[in-house]
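Visitor: My file is coords-v7.pdb. It has PDB, C-alpha atoms, pLDDT in the B column:
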ATOM      1  CA  MET A   1       0.000   0.000   0.000  1.00 76.00           C
ATOM      2  CA  THR A   2       1.076   3.539  -0.577  1.00 88.00           C
ATOM      3  CA  GLY A   3       0.192   6.673   1.345  1.00 91.00           C
ATOM      4  CA  PRO A   4       1.158  10.277   2.000  1.00 96.00           C
ATOM      5  CA  MET A   5       4.834  11.251   2.135  1.00 97.00           C
ATOM      6  CA  LYS A   6       6.451  12.960   5.071  1.00 98.00           C
ATOM      7  CA  ILE A   7       8.426  15.979   3.869  1.00 98.00           C
ATOM      8  CA  LEU A   8      10.617  17.899   6.255  1.00 98.00           C
ATOM      9  CA  ALA A   9      12.307  20.995   4.809  1.00 98.00           C
ATOM     10  CA  LYS A  10      14.397  23.024   7.208  1.00 98.00           C
ATOM     11  CA  MET A  11      16.911  25.832   6.719  1.00 97.00           C
ATOM     12  CA  LYS A  12      20.434  24.823   7.711  1.00 95.00           C
ATOM     13  CA  GLY A  13      23.359  27.136   7.019  1.00 90.00           C
ATOM     14  CA  GLY A  14      21.868  29.032   4.073  1.00 90.00           C
ATOM     15  CA  ALA A  15      20.490  25.936   2.396  1.00 97.00           C
ATOM     16  CA  ALA A  16      17.327  23.926   2.800  1.00 98.00           C
ATOM     17  CA  SER A  17      17.833  20.433   4.099  1.00 98.00           C
ATOM     18  CA  ILE A  18      15.025  18.322   2.657  1.00 98.00           C
ATOM     19  CA  ARG A  19      14.148  14.906   4.056  1.00 98.00           C
ATOM     20  CA  VAL A  20      11.455  12.858   2.355  1.00 98.00           C
ATOM     21  CA  VAL A  21       9.997   9.647   3.739  1.00 98.00           C
ATOM     22  CA  VAL A  22       7.849   7.907   1.167  1.00 98.00           C
ATOM     23  CA  ASN A  23       5.144   5.426   1.980  1.00 97.00           C
ATOM     24  CA  HIS A  24       5.748   2.664  -0.565  1.00 98.00           C
ATOM     25  CA  PRO A  25       6.350  -1.140  -0.489  1.00 97.00           C
ATOM     26  CA  MET A  26       9.230  -0.988  -3.030  1.00 97.00           C
ATOM     27  CA  GLU A  27       8.718  -4.613  -4.086  1.00 97.00           C
ATOM     28  CA  SER A  28      11.551  -5.435  -6.476  1.00 96.00           C
ATOM     29  CA  GLY A  29       9.729  -8.328  -8.143  1.00 94.00           C
ATOM     30  CA  LEU A  30      12.586 -10.608  -7.042  1.00 92.00           C
ATOM     31  CA  ARG A  31      11.412 -11.388  -3.499  1.00 91.00           C
ATOM     32  CA  LYS A  32       9.796 -14.755  -2.787  1.00 89.00           C
ATOM     33  CA  GLU A  33       7.148 -15.498  -0.175  1.00 89.00           C
ATOM     34  CA  VAL A  34       7.572 -18.449   2.206  1.00 88.00           C
ATOM     35  CA  ASP A  35       5.432 -20.534  -0.155  1.00 91.00           C
ATOM     36  CA  GLY A  36       7.894 -19.847  -2.985  1.00 90.00           C
ATOM     37  CA  LYS A  37       5.649 -17.479  -4.908  1.00 93.00           C
ATOM     38  CA  THR A  38       7.313 -14.366  -6.277  1.00 94.00           C
ATOM     39  CA  VAL A  39       5.889 -11.083  -5.010  1.00 95.00           C
ATOM     40  CA  PRO A  40       5.060  -8.953  -8.079  1.00 96.00           C
ATOM     41  CA  ALA A  41       7.184  -5.873  -8.731  1.00 97.00           C
ATOM     42  CA  HIS A  42       5.812  -2.604  -7.384  1.00 97.00           C
ATOM     43  CA  TYR A  43       8.390   0.098  -6.881  1.00 98.00           C
ATOM     44  CA  ILE A  44       8.923   3.801  -7.470  1.00 98.00           C
ATOM     45  CA  GLN A  45      10.784   4.516 -10.722  1.00 98.00           C
ATOM     46  CA  LEU A  46      10.747   8.308 -10.858  1.00 98.00           C
ATOM     47  CA  LEU A  47      10.897  10.809  -8.043  1.00 98.00           C
ATOM     48  CA  THR A  48      11.264  14.554  -8.407  1.00 98.00           C
ATOM     49  CA  VAL A  49      11.723  17.348  -5.918  1.00 98.00           C
ATOM     50  CA  ALA A  50      10.642  20.852  -6.938  1.00 98.00           C
ATOM     51  CA  LEU A  51      11.244  24.144  -5.164  1.00 97.00           C
ATOM     52  CA  ASN A  52       8.567  26.751  -5.899  1.00 97.00           C
ATOM     53  CA  GLY A  53       7.515  24.697  -8.916  1.00 96.00           C
ATOM     54  CA  LYS A  54      11.020  24.354 -10.399  1.00 97.00           C
ATOM     55  CA  VAL A  55      12.514  20.848 -10.470  1.00 97.00           C
ATOM     56  CA  VAL A  56      15.785  20.688  -8.496  1.00 98.00           C
ATOM     57  CA  VAL A  57      16.254  16.932  -8.111  1.00 98.00           C
ATOM     58  CA  SER A  58      15.133  14.341 -10.617  1.00 98.00           C
ATOM     59  CA  GLY A  59      15.677  10.756  -9.525  1.00 98.00           C
ATOM     60  CA  GLN A  60      15.361   7.376 -11.191  1.00 98.00           C
ATOM     61  CA  LEU A  61      14.914   4.538  -8.721  1.00 98.00           C
ATOM     62  CA  GLY A  62      15.150   0.780  -8.905  1.00 98.00           C
ATOM     63  CA  GLY A  63      13.627  -2.030  -6.843  1.00 97.00           C
ATOM     64  CA  SER A  64      16.678  -2.205  -4.553  1.00 97.00           C
ATOM     65  CA  ILE A  65      15.811   1.052  -2.826  1.00 98.00           C
ATOM     66  CA  SER A  66      14.547   0.133   0.651  1.00 98.00           C
ATOM     67  CA  LYS A  67      10.858  -0.136   1.510  1.00 97.00           C
ATOM     68  CA  ASN A  68       9.367   3.203   2.570  1.00 98.00           C
ATOM     69  CA  PRO A  69      12.260   5.135   0.985  1.00 98.00           C
ATOM     70  CA  SER A  70      13.946   7.785   3.053  1.00 98.00           C
ATOM     71  CA  LEU A  71      15.748  10.387   0.942  1.00 98.00           C
ATOM     72  CA  GLY A  72      17.775  13.446   1.858  1.00 98.00           C
ATOM     73  CA  PHE A  73      18.723  16.412  -0.358  1.00 98.00           C
ATOM     74  CA  THR A  74      20.135  19.905   0.129  1.00 98.00           C
ATOM     75  CA  VAL A  75      19.053  22.940  -1.877  1.00 98.00           C
ATOM     76  CA  LYS A  76      21.032  26.190  -1.845  1.00 97.00           C
ATOM     77  CA  GLY A  77      19.306  29.512  -2.369  1.00 94.00           C
ATOM     78  CA  ALA A  78      16.108  28.308  -0.737  1.00 96.00           C
ATOM     79  CA  LYS A  79      14.471  30.346   1.993  1.00 96.00           C
ATOM     80  CA  ALA A  80      11.875  29.864   4.698  1.00 97.00           C
ATOM     81  CA  GLY A  81       8.387  29.904   3.199  1.00 97.00           C
ATOM     82  CA  ASP A  82       9.460  28.343  -0.112  1.00 98.00           C
ATOM     83  CA  LYS A  83       7.230  25.553  -1.357  1.00 98.00           C
ATOM     84  CA  VAL A  84       8.674  22.056  -1.753  1.00 98.00           C
ATOM     85  CA  SER A  85       6.759  19.503  -3.760  1.00 98.00           C
ATOM     86  CA  VAL A  86       7.730  15.883  -4.242  1.00 98.00           C
ATOM     87  CA  THR A  87       6.209  13.642  -6.906  1.00 98.00           C
ATOM     88  CA  TRP A  88       6.739   9.941  -7.528  1.00 98.00           C
ATOM     89  CA  VAL A  89       5.621   7.579 -10.279  1.00 97.00           C
ATOM     90  CA  ASP A  90       5.797   3.822  -9.709  1.00 97.00           C
ATOM     91  CA  SER A  91       6.112   0.710 -11.877  1.00 97.00           C
ATOM     92  CA  ASN A  92       2.331   0.174 -11.799  1.00 96.00           C
ATOM     93  CA  GLY A  93       1.642   3.680 -13.098  1.00 95.00           C
ATOM     94  CA  GLY A  94       0.722   4.879  -9.599  1.00 96.00           C
ATOM     95  CA  LYS A  95       1.542   8.501  -8.861  1.00 96.00           C
ATOM     96  CA  ARG A  96       1.507  10.837  -5.908  1.00 97.00           C
ATOM     97  CA  THR A  97       2.493  14.434  -5.093  1.00 98.00           C
ATOM     98  CA  ASP A  98       2.847  15.940  -1.618  1.00 98.00           C
ATOM     99  CA  GLU A  99       3.900  19.400  -0.550  1.00 98.00           C
ATOM    100  CA  ALA A 100       5.591  21.128   2.353  1.00 98.00           C
ATOM    101  CA  VAL A 101       6.913  24.567   3.217  1.00 98.00           C
ATOM    102  CA  VAL A 102      10.548  25.311   4.118  1.00 98.00           C
ATOM    103  CA  VAL A 103      10.789  26.268   7.789  1.00 98.00           C
ATOM    104  CA  VAL A 104      13.510  28.156   9.672  1.00 94.00           C
TER
ATOM    105  CA  MET B   1     -22.572  36.011 -23.915  1.00 44.00           C
ATOM    106  CA  ASN B   2     -21.105  35.375 -27.321  1.00 53.00           C
ATOM    107  CA  VAL B   3     -17.645  36.445 -26.232  1.00 53.00           C
ATOM    108  CA  ILE B   4     -17.739  34.115 -23.281  1.00 52.00           C
ATOM    109  CA  ARG B   5     -18.997  31.292 -25.450  1.00 53.00           C
ATOM    110  CA  ARG B   6     -16.234  31.886 -27.979  1.00 54.00           C
ATOM    111  CA  THR B   7     -13.578  31.914 -25.258  1.00 52.00           C
ATOM    112  CA  VAL B   8     -14.897  28.700 -23.797  1.00 47.00           C
ATOM    113  CA  LEU B   9     -14.943  27.056 -27.215  1.00 49.00           C
ATOM    114  CA  LYS B  10     -11.441  28.315 -27.975  1.00 53.00           C
ATOM    115  CA  SER B  11      -9.917  27.010 -24.754  1.00 54.00           C
ATOM    116  CA  ALA B  12     -11.777  23.732 -25.186  1.00 50.00           C
ATOM    117  CA  GLY B  13     -10.216  23.487 -28.642  1.00 51.00           C
ATOM    118  CA  ALA B  14      -6.769  24.180 -27.246  1.00 51.00           C
ATOM    119  CA  MET B  15      -7.269  21.518 -24.591  1.00 50.00           C
ATOM    120  CA  GLY B  16      -8.258  19.103 -27.328  1.00 49.00           C
ATOM    121  CA  VAL B  17      -5.056  19.803 -29.239  1.00 48.00           C
ATOM    122  CA  LEU B  18      -2.991  19.328 -26.067  1.00 48.00           C
ATOM    123  CA  ALA B  19      -4.774  16.064 -25.282  1.00 50.00           C
ATOM    124  CA  GLY B  20      -4.059  14.975 -28.849  1.00 47.00           C
ATOM    125  CA  LEU B  21      -0.373  15.695 -28.402  1.00 47.00           C
ATOM    126  CA  PHE B  22      -0.302  13.618 -25.210  1.00 48.00           C
ATOM    127  CA  VAL B  23      -2.008  10.732 -26.983  1.00 46.00           C
ATOM    128  CA  THR B  24       0.355  10.801 -29.951  1.00 45.00           C
ATOM    129  CA  GLY B  25       3.302  10.900 -27.580  1.00 44.00           C
ATOM    130  CA  ILE B  26       4.658  14.237 -28.835  1.00 46.00           C
ATOM    131  CA  LEU B  27       4.235  15.566 -25.320  1.00 47.00           C
ATOM    132  CA  LYS B  28       4.742  12.990 -22.623  1.00 44.00           C
ATOM    133  CA  PRO B  29       3.101  14.069 -19.383  1.00 44.00           C
ATOM    134  CA  THR B  30       5.798  12.464 -17.203  1.00 39.00           C
ATOM    135  CA  LEU B  31       8.544  14.345 -19.036  1.00 40.00           C
ATOM    136  CA  ALA B  32       7.183  17.602 -17.743  1.00 41.00           C
ATOM    137  CA  TYR B  33       8.632  16.924 -14.304  1.00 42.00           C
ATOM    138  CA  ALA B  34      10.901  13.891 -14.487  1.00 46.00           C
ATOM    139  CA  SER B  35      13.429  12.338 -16.748  1.00 62.00           C
ATOM    140  CA  GLU B  36      12.532   9.059 -18.337  1.00 90.00           C
ATOM    141  CA  TRP B  37      13.318   5.814 -16.482  1.00 96.00           C
ATOM    142  CA  ASN B  38      16.385   4.111 -17.950  1.00 97.00           C
ATOM    143  CA  LYS B  39      14.954   0.644 -18.538  1.00 96.00           C
ATOM    144  CA  ALA B  40      18.207  -0.793 -19.934  1.00 97.00           C
ATOM    145  CA  ALA B  41      20.262   0.398 -16.960  1.00 98.00           C
ATOM    146  CA  PHE B  42      17.759  -0.840 -14.373  1.00 98.00           C
ATOM    147  CA  GLY B  43      17.454  -4.137 -16.231  1.00 97.00           C
ATOM    148  CA  ALA B  44      21.218  -4.745 -16.299  1.00 97.00           C
ATOM    149  CA  LYS B  45      22.229  -7.795 -14.254  1.00 97.00           C
ATOM    150  CA  ASP B  46      25.909  -6.955 -13.792  1.00 97.00           C
ATOM    151  CA  MET B  47      27.842  -3.845 -12.838  1.00 96.00           C
ATOM    152  CA  GLU B  48      29.641  -3.445 -16.185  1.00 96.00           C
ATOM    153  CA  THR B  49      26.440  -3.524 -18.226  1.00 97.00           C
ATOM    154  CA  ALA B  50      24.738  -1.119 -15.821  1.00 98.00           C
ATOM    155  CA  LEU B  51      27.658   1.325 -15.973  1.00 97.00           C
ATOM    156  CA  LYS B  52      27.658   1.136 -19.759  1.00 97.00           C
ATOM    157  CA  ALA B  53      23.904   1.799 -19.835  1.00 97.00           C
ATOM    158  CA  ILE B  54      24.330   5.047 -17.928  1.00 97.00           C
ATOM    159  CA  GLY B  55      27.353   5.992 -20.045  1.00 96.00           C
ATOM    160  CA  ALA B  56      29.750   5.687 -17.106  1.00 96.00           C
ATOM    161  CA  ASP B  57      31.891   2.712 -18.138  1.00 93.00           C
ATOM    162  CA  GLY B  58      34.944   4.966 -18.451  1.00 92.00           C
ATOM    163  CA  ALA B  59      34.585   6.482 -14.968  1.00 96.00           C
ATOM    164  CA  VAL B  60      37.840   7.407 -13.220  1.00 97.00           C
ATOM    165  CA  ASP B  61      38.419   7.169  -9.454  1.00 98.00           C
ATOM    166  CA  SER B  62      38.053  10.431  -7.565  1.00 98.00           C
ATOM    167  CA  LYS B  63      38.793  11.334  -3.957  1.00 97.00           C
ATOM    168  CA  GLN B  64      36.472  14.329  -4.302  1.00 98.00           C
ATOM    169  CA  LEU B  65      33.541  11.950  -4.359  1.00 98.00           C
ATOM    170  CA  ILE B  66      32.656  11.145  -0.752  1.00 98.00           C
ATOM    171  CA  LEU B  67      30.775   7.928   0.031  1.00 98.00           C
ATOM    172  CA  ARG B  68      29.587   7.215   3.566  1.00 98.00           C
ATOM    173  CA  VAL B  69      28.295   3.714   4.283  1.00 98.00           C
ATOM    174  CA  PRO B  70      28.438   1.519   7.386  1.00 98.00           C
ATOM    175  CA  GLU B  71      31.275  -1.012   7.493  1.00 97.00           C
ATOM    176  CA  ILE B  72      28.794  -3.639   8.672  1.00 96.00           C
ATOM    177  CA  ALA B  73      25.082  -3.233   7.948  1.00 95.00           C
ATOM    178  CA  GLU B  74      22.849  -4.291  10.827  1.00 93.00           C
ATOM    179  CA  ASN B  75      19.812  -4.562   8.561  1.00 95.00           C
ATOM    180  CA  SER B  76      20.608  -5.523   4.969  1.00 96.00           C
ATOM    181  CA  ALA B  77      17.138  -4.382   3.841  1.00 96.00           C
ATOM    182  CA  MET B  78      17.961  -0.825   4.932  1.00 96.00           C
ATOM    183  CA  VAL B  79      21.569   0.165   4.393  1.00 97.00           C
ATOM    184  CA  PRO B  80      22.145   3.918   4.643  1.00 98.00           C
ATOM    185  CA  VAL B  81      24.151   5.363   1.743  1.00 98.00           C
ATOM    186  CA  ASP B  82      25.270   8.965   1.849  1.00 98.00           C
ATOM    187  CA  VAL B  83      27.016  10.542  -1.153  1.00 98.00           C
ATOM    188  CA  THR B  84      28.506  14.007  -1.603  1.00 98.00           C
ATOM    189  CA  SER B  85      30.338  15.119  -4.713  1.00 98.00           C
ATOM    190  CA  ASN B  86      32.863  17.912  -4.293  1.00 98.00           C
ATOM    191  CA  ILE B  87      33.692  17.733  -7.999  1.00 98.00           C
ATOM    192  CA  PRO B  88      32.716  21.099  -9.531  1.00 97.00           C
ATOM    193  CA  ASN B  89      29.676  21.080 -11.847  1.00 97.00           C
ATOM    194  CA  THR B  90      28.442  17.670 -10.752  1.00 98.00           C
ATOM    195  CA  THR B  91      25.047  17.143 -12.359  1.00 98.00           C
ATOM    196  CA  SER B  92      24.238  13.559 -11.398  1.00 98.00           C
ATOM    197  CA  ILE B  93      25.036  10.811  -8.905  1.00 98.00           C
ATOM    198  CA  ALA B  94      24.330   7.095  -9.403  1.00 98.00           C
ATOM    199  CA  ILE B  95      24.445   4.382  -6.724  1.00 98.00           C
ATOM    200  CA  LEU B  96      25.241   0.763  -7.608  1.00 98.00           C
ATOM    201  CA  VAL B  97      25.423  -2.363  -5.449  1.00 98.00           C
ATOM    202  CA  MET B  98      27.756  -4.803  -7.199  1.00 97.00           C
ATOM    203  CA  LYS B  99      26.401  -8.102  -5.808  1.00 96.00           C
ATOM    204  CA  ASN B 100      22.709  -7.271  -6.114  1.00 97.00           C
ATOM    205  CA  PRO B 101      20.757  -9.116  -8.844  1.00 96.00           C
ATOM    206  CA  ILE B 102      20.141  -5.660 -10.352  1.00 97.00           C
ATOM    207  CA  PRO B 103      23.185  -3.529  -9.436  1.00 98.00           C
ATOM    208  CA  LEU B 104      21.815  -0.065 -10.261  1.00 98.00           C
ATOM    209  CA  SER B 105      19.872   1.270  -7.278  1.00 98.00           C
ATOM    210  CA  ALA B 106      19.241   4.874  -8.239  1.00 98.00           C
ATOM    211  CA  GLN B 107      20.450   7.843 -10.227  1.00 98.00           C
ATOM    212  CA  PHE B 108      19.750  11.442  -9.254  1.00 98.00           C
ATOM    213  CA  GLU B 109      20.101  14.560 -11.387  1.00 98.00           C
ATOM    214  CA  PHE B 110      20.609  17.934  -9.744  1.00 98.00           C
ATOM    215  CA  SER B 111      19.651  21.346 -11.097  1.00 97.00           C
ATOM    216  CA  GLY B 112      18.824  24.793  -9.802  1.00 95.00           C
ATOM    217  CA  GLY B 113      20.218  25.157  -6.279  1.00 95.00           C
ATOM    218  CA  ALA B 114      20.320  21.441  -5.502  1.00 98.00           C
ATOM    219  CA  MET B 115      23.720  20.427  -4.182  1.00 98.00           C
ATOM    220  CA  ALA B 116      25.352  17.268  -5.528  1.00 98.00           C
ATOM    221  CA  GLU B 117      24.548  15.164  -2.508  1.00 98.00           C
ATOM    222  CA  VAL B 118      22.001  12.549  -1.600  1.00 98.00           C
ATOM    223  CA  SER B 119      21.252  10.179   1.234  1.00 98.00           C
ATOM    224  CA  VAL B 120      19.127   7.102   0.691  1.00 98.00           C
ATOM    225  CA  ARG B 121      18.719   3.539   1.974  1.00 98.00           C
ATOM    226  CA  VAL B 122      19.313   0.487  -0.194  1.00 98.00           C
ATOM    227  CA  LYS B 123      18.831  -3.279   0.028  1.00 97.00           C
ATOM    228  CA  LEU B 124      21.855  -5.569  -0.006  1.00 96.00           C
ATOM    229  CA  ALA B 125      21.465  -9.184  -1.132  1.00 94.00           C
ATOM    230  CA  GLN B 126      24.830 -10.071   0.456  1.00 95.00           C
ATOM    231  CA  ILE B 127      28.212  -8.565   1.354  1.00 96.00           C
ATOM    232  CA  SER B 128      28.973  -6.223  -1.535  1.00 97.00           C
ATOM    233  CA  ILE B 129      30.894  -3.331  -2.925  1.00 98.00           C
ATOM    234  CA  ILE B 130      28.802  -0.183  -3.198  1.00 98.00           C
ATOM    235  CA  ARG B 131      29.960   2.016  -6.035  1.00 98.00           C
ATOM    236  CA  VAL B 132      28.882   5.566  -6.712  1.00 98.00           C
ATOM    237  CA  VAL B 133      29.352   7.443  -9.961  1.00 98.00           C
ATOM    238  CA  ALA B 134      29.167  11.205 -10.441  1.00 98.00           C
ATOM    239  CA  LYS B 135      28.867  13.047 -13.731  1.00 98.00           C
ATOM    240  CA  ALA B 136      30.528  16.439 -14.022  1.00 98.00           C
ATOM    241  CA  ASP B 137      31.140  18.410 -17.220  1.00 96.00           C
ATOM    242  CA  GLY B 138      30.279  15.308 -19.237  1.00 94.00           C
ATOM    243  CA  LYS B 139      32.904  13.141 -17.497  1.00 97.00           C
ATOM    244  CA  PHE B 140      32.284  10.320 -15.020  1.00 98.00           C
ATOM    245  CA  TYR B 141      34.015   9.850 -11.666  1.00 98.00           C
ATOM    246  CA  SER B 142      33.595   7.046  -9.153  1.00 98.00           C
ATOM    247  CA  THR B 143      34.496   5.718  -5.750  1.00 98.00           C
ATOM    248  CA  GLN B 144      33.529   2.562  -3.867  1.00 98.00           C
ATOM    249  CA  LYS B 145      33.396   0.884  -0.461  1.00 98.00           C
ATOM    250  CA  GLU B 146      32.633  -2.607   0.750  1.00 98.00           C
ATOM    251  CA  VAL B 147      29.711  -3.196   3.104  1.00 97.00           C
ATOM    252  CA  LYS B 148      29.383  -6.393   5.120  1.00 96.00           C
ATOM    253  CA  VAL B 149      25.978  -7.597   6.247  1.00 94.00           C
ATOM    254  CA  ALA B 150      25.294  -8.763   9.797  1.00 90.00           C
ATOM    255  CA  ASP B 151      22.088 -10.622   8.938  1.00 87.00           C
ATOM    256  CA  GLY B 152      23.220 -12.590   5.891  1.00 77.00           C
ATOM    257  CA  GLY B 153      21.548 -10.377   3.273  1.00 78.00           C
ATOM    258  CA  CYS B 154      17.967  -9.612   2.478  1.00 74.00           C
ATOM    259  CA  GLY B 155      15.810 -11.688   0.128  1.00 71.00           C
ATOM    260  CA  HIS B 156      15.308  -8.482  -1.834  1.00 67.00           C
TER
END
Output the file's structure as structure tokens, nothing else.
Guide:
Amino acid sequence: MTGPMKILAKMKGGAASIRVVVNHPMESGLRKEVDGKTVPAHYIQLLTVALNGKVVVSGQLGGSISKNPSLGFTVKGAKAGDKVSVTWVDSNGGKRTDEAVVVV
Amino acid sequence: MNVIRRTVLKSAGAMGVLAGLFVTGILKPTLAYASEWNKAAFGAKDMETALKAIGADGAVDSKQLILRVPEIAENSAMVPVDVTSNIPNTTSIAILVMKNPIPLSAQFEFSGGAMAEVSVRVKLAQISIIRVVAKADGKFYSTQKEVKVADGGCGH
């Protein structure tokens, strides 16, 4: 199951430190259940971080990123009040965007 | 009334054209905010093929590329990987786990004010070398470290 992301964006020494925790199973399609059945692939393939609507990080992910991915980035030139939006697209065509505001 | 009607019809027409472009693939909706997923690179089953698929097979070692990983991972399903590139004009960082069935874990591109650094957690199938590759001014640089696993490796 997937769900809302947790986005924490905080100013740290003139840059915004952005931490994103995504709610996603990240099933690689290679894992087997106890009964030997393969769990179908379901993982995030694209993830972007935008600051005030402008993409600053564009990531491609594979199935070996841990379940409920935790990602950290740093953006210079950001300031308190700026809007951070994170969007992911997964291997099943699922998609989600969540937003946060940079805090001091 | 007529003006409003005309405007509505006009914008509806424009929307139709846009929708048409999406359908024909001239405009891909995902491209508006993300690069396309590199299927060949994420399908590669060995490090060499994966590096080739991202164009980094000629990467040279660099001490300006800083990789922080635990020496021994307590939980092989969640191994913290922290990468910082001090190479000027770094535009992307890729993370690869040599012994994983699919070595390429992720690749991040930075633009605007984003600094060339990322922290993420990866799965390790067994003890493995983790290799990171940075792209700067069209050239590729890399560094690597070995990570042991305390729990024998995750089933992925």
Visitor: Please write the residues picked by the PyMOL selection byres ((chain B) within 9 of (chain A)) on this file as a short mmCIF file (atom, residue, chain, number, x, y, z; two decimals) with C-alpha atoms, in the coordinates of the input.
Guide:
data_model
loop_
_atom_site.label_atom_id
_atom_site.label_comp_id
_atom_site.auth_asym_id
_atom_site.auth_seq_id
_atom_site.Cartn_x
_atom_site.Cartn_y
_atom_site.Cartn_z
CA THR B 30 5.80 12.46 -17.20
CA TYR B 33 8.63 16.92 -14.30
CA ALA B 34 10.90 13.89 -14.49
CA SER B 35 13.43 12.34 -16.75
CA GLU B 36 12.53 9.06 -18.34
CA TRP B 37 13.32 5.81 -16.48
CA ASN B 38 16.39 4.11 -17.95
CA PHE B 42 17.76 -0.84 -14.37
CA ALA B 77 17.14 -4.38 3.84
CA MET B 78 17.96 -0.82 4.93
CA VAL B 79 21.57 0.16 4.39
CA ASP B 82 25.27 8.96 1.85
CA VAL B 97 25.42 -2.36 -5.45
CA ASN B 100 22.71 -7.27 -6.11
CA PRO B 101 20.76 -9.12 -8.84
CA ILE B 102 20.14 -5.66 -10.35
CA PRO B 103 23.18 -3.53 -9.44
CA LEU B 104 21.82 -0.06 -10.26
CA SER B 105 19.87 1.27 -7.28
CA ALA B 106 19.24 4.87 -8.24
CA GLN B 107 20.45 7.84 -10.23
CA PHE B 108 19.75 11.44 -9.25
CA GLU B 109 20.10 14.56 -11.39
CA PHE B 110 20.61 17.93 -9.74
CA SER B 111 19.65 21.35 -11.10
CA GLY B 112 18.82 24.79 -9.80
CA GLY B 113 20.22 25.16 -6.28
CA ALA B 114 20.32 21.44 -5.50
CA MET B 115 23.72 20.43 -4.18
CA ALA B 116 25.35 17.27 -5.53
CA GLU B 117 24.55 15.16 -2.51
CA VAL B 118 22.00 12.55 -1.60
CA SER B 119 21.25 10.18 1.23
CA VAL B 120 19.13 7.10 0.69
CA ARG B 121 18.72 3.54 1.97
CA VAL B 122 19.31 0.49 -0.19
CA LYS B 123 18.83 -3.28 0.03
CA LEU B 124 21.86 -5.57 -0.01
CA GLY B 155 15.81 -11.69 0.13
CA HIS B 156 15.31 -8.48 -1.83
#
Visitor: One decimal, Å: what's the distance from CA of Asn52 (chain A) over to CA of Val86 (chain A), could you say?
Guide: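 These atoms are spaced 11.0 Å apart.
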Visitor: What is the distance between CA of Phe140 (chain B) and CA of Ala50 (chain B), in Å to one decimal?
Guide: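 The value is 13.7 Å.
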Visitor: To one decimal place, how far is CA of Tyr43 (chain A) from CA of Gln144 (chain B) in Å?
Guide: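 About the pair CA of Tyr43 (chain A) and CA of Gln144 (chain B): they are 25.4 Å apart.
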Visitor: Would you translate the PyMOL selection byres ((chain B and resi 136) around 9) into the concrete set of residues it matches in this file, as a list of chain:residue names?
Guide: B:Ile87, B:Pro88, B:Asn89, B:Thr90, B:Thr91, B:Ser92, B:Ala134, B:Lys135, B:Asp137, B:Gly138, B:Lys139, B:Phe140, B:Tyr141
Visitor: Would you mind listing what lies within 8 Å of region 2-4 of chain A as a short mmCIF file (atom, residue, chain, number, x, y, z; two decimals) with C-alpha atoms, keeping the file's coordinate frame, with all atoms listed in the file counted and same-chain residues fewer than 6 positions away left out?
Guide:
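Heads up, here's the output in result.cif:
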data_model
loop_
_atom_site.label_atom_id
_atom_site.label_comp_id
_atom_site.auth_asym_id
_atom_site.auth_seq_id
_atom_site.Cartn_x
_atom_site.Cartn_y
_atom_site.Cartn_z
CA VAL A 22 7.85 7.91 1.17
CA ASN A 23 5.14 5.43 1.98
CA HIS A 24 5.75 2.66 -0.56
CA PRO A 25 6.35 -1.14 -0.49
CA ARG A 96 1.51 10.84 -5.91
CA ASP A 98 2.85 15.94 -1.62
#
Visitor: So, with only C-alpha atoms as the atoms that count, which of B:Gln126, B:Gly43, B:Gly153, B:Ala94 lies closest to Ala59 (chain B)?
Guide: B:Ala94
Visitor: Rank nothing, just name the residue among B:Asn75, B:Asp151, B:Val133, B:Val83 nearest to Gly55 (chain B), using all atoms listed in the file.
Guide: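 Of the candidates, the smallest distance to Gly55 (chain B) is held by B:Val133.
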Visitor: Quick one: apply the PyMOL selection byres ((chain A and resi 80) around 8) to the file and drop the selected residues here as a ChimeraX atom specification.
Guide: /A:10-11,78-79,81-82,101-104
Visitor: Near Thr143 (chain B), within 8 Å and counting all atoms listed in the file, which residues show up once chain neighbours fewer than 5 positions away are dropped, as a PyMOL selection string?
Guide: chain B and resi 61-63+65-67+131-133
Visitor: Within 7 Å of Val149 (chain B), counting only C-alpha atoms, which residues qualify if same-chain residues fewer than 5 places away don't, as an MDAnalysis selection string?
Guide: chainID B and resid 72:74 76 126:127
Visitor: For Met47 (chain B), which of B:Ile130, B:Cys154, B:Val147, B:Met98 is the closest residue, counting only C-alpha atoms?
Guide: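 Distance minimum relative to Met47 (chain B) lands on B:Met98.
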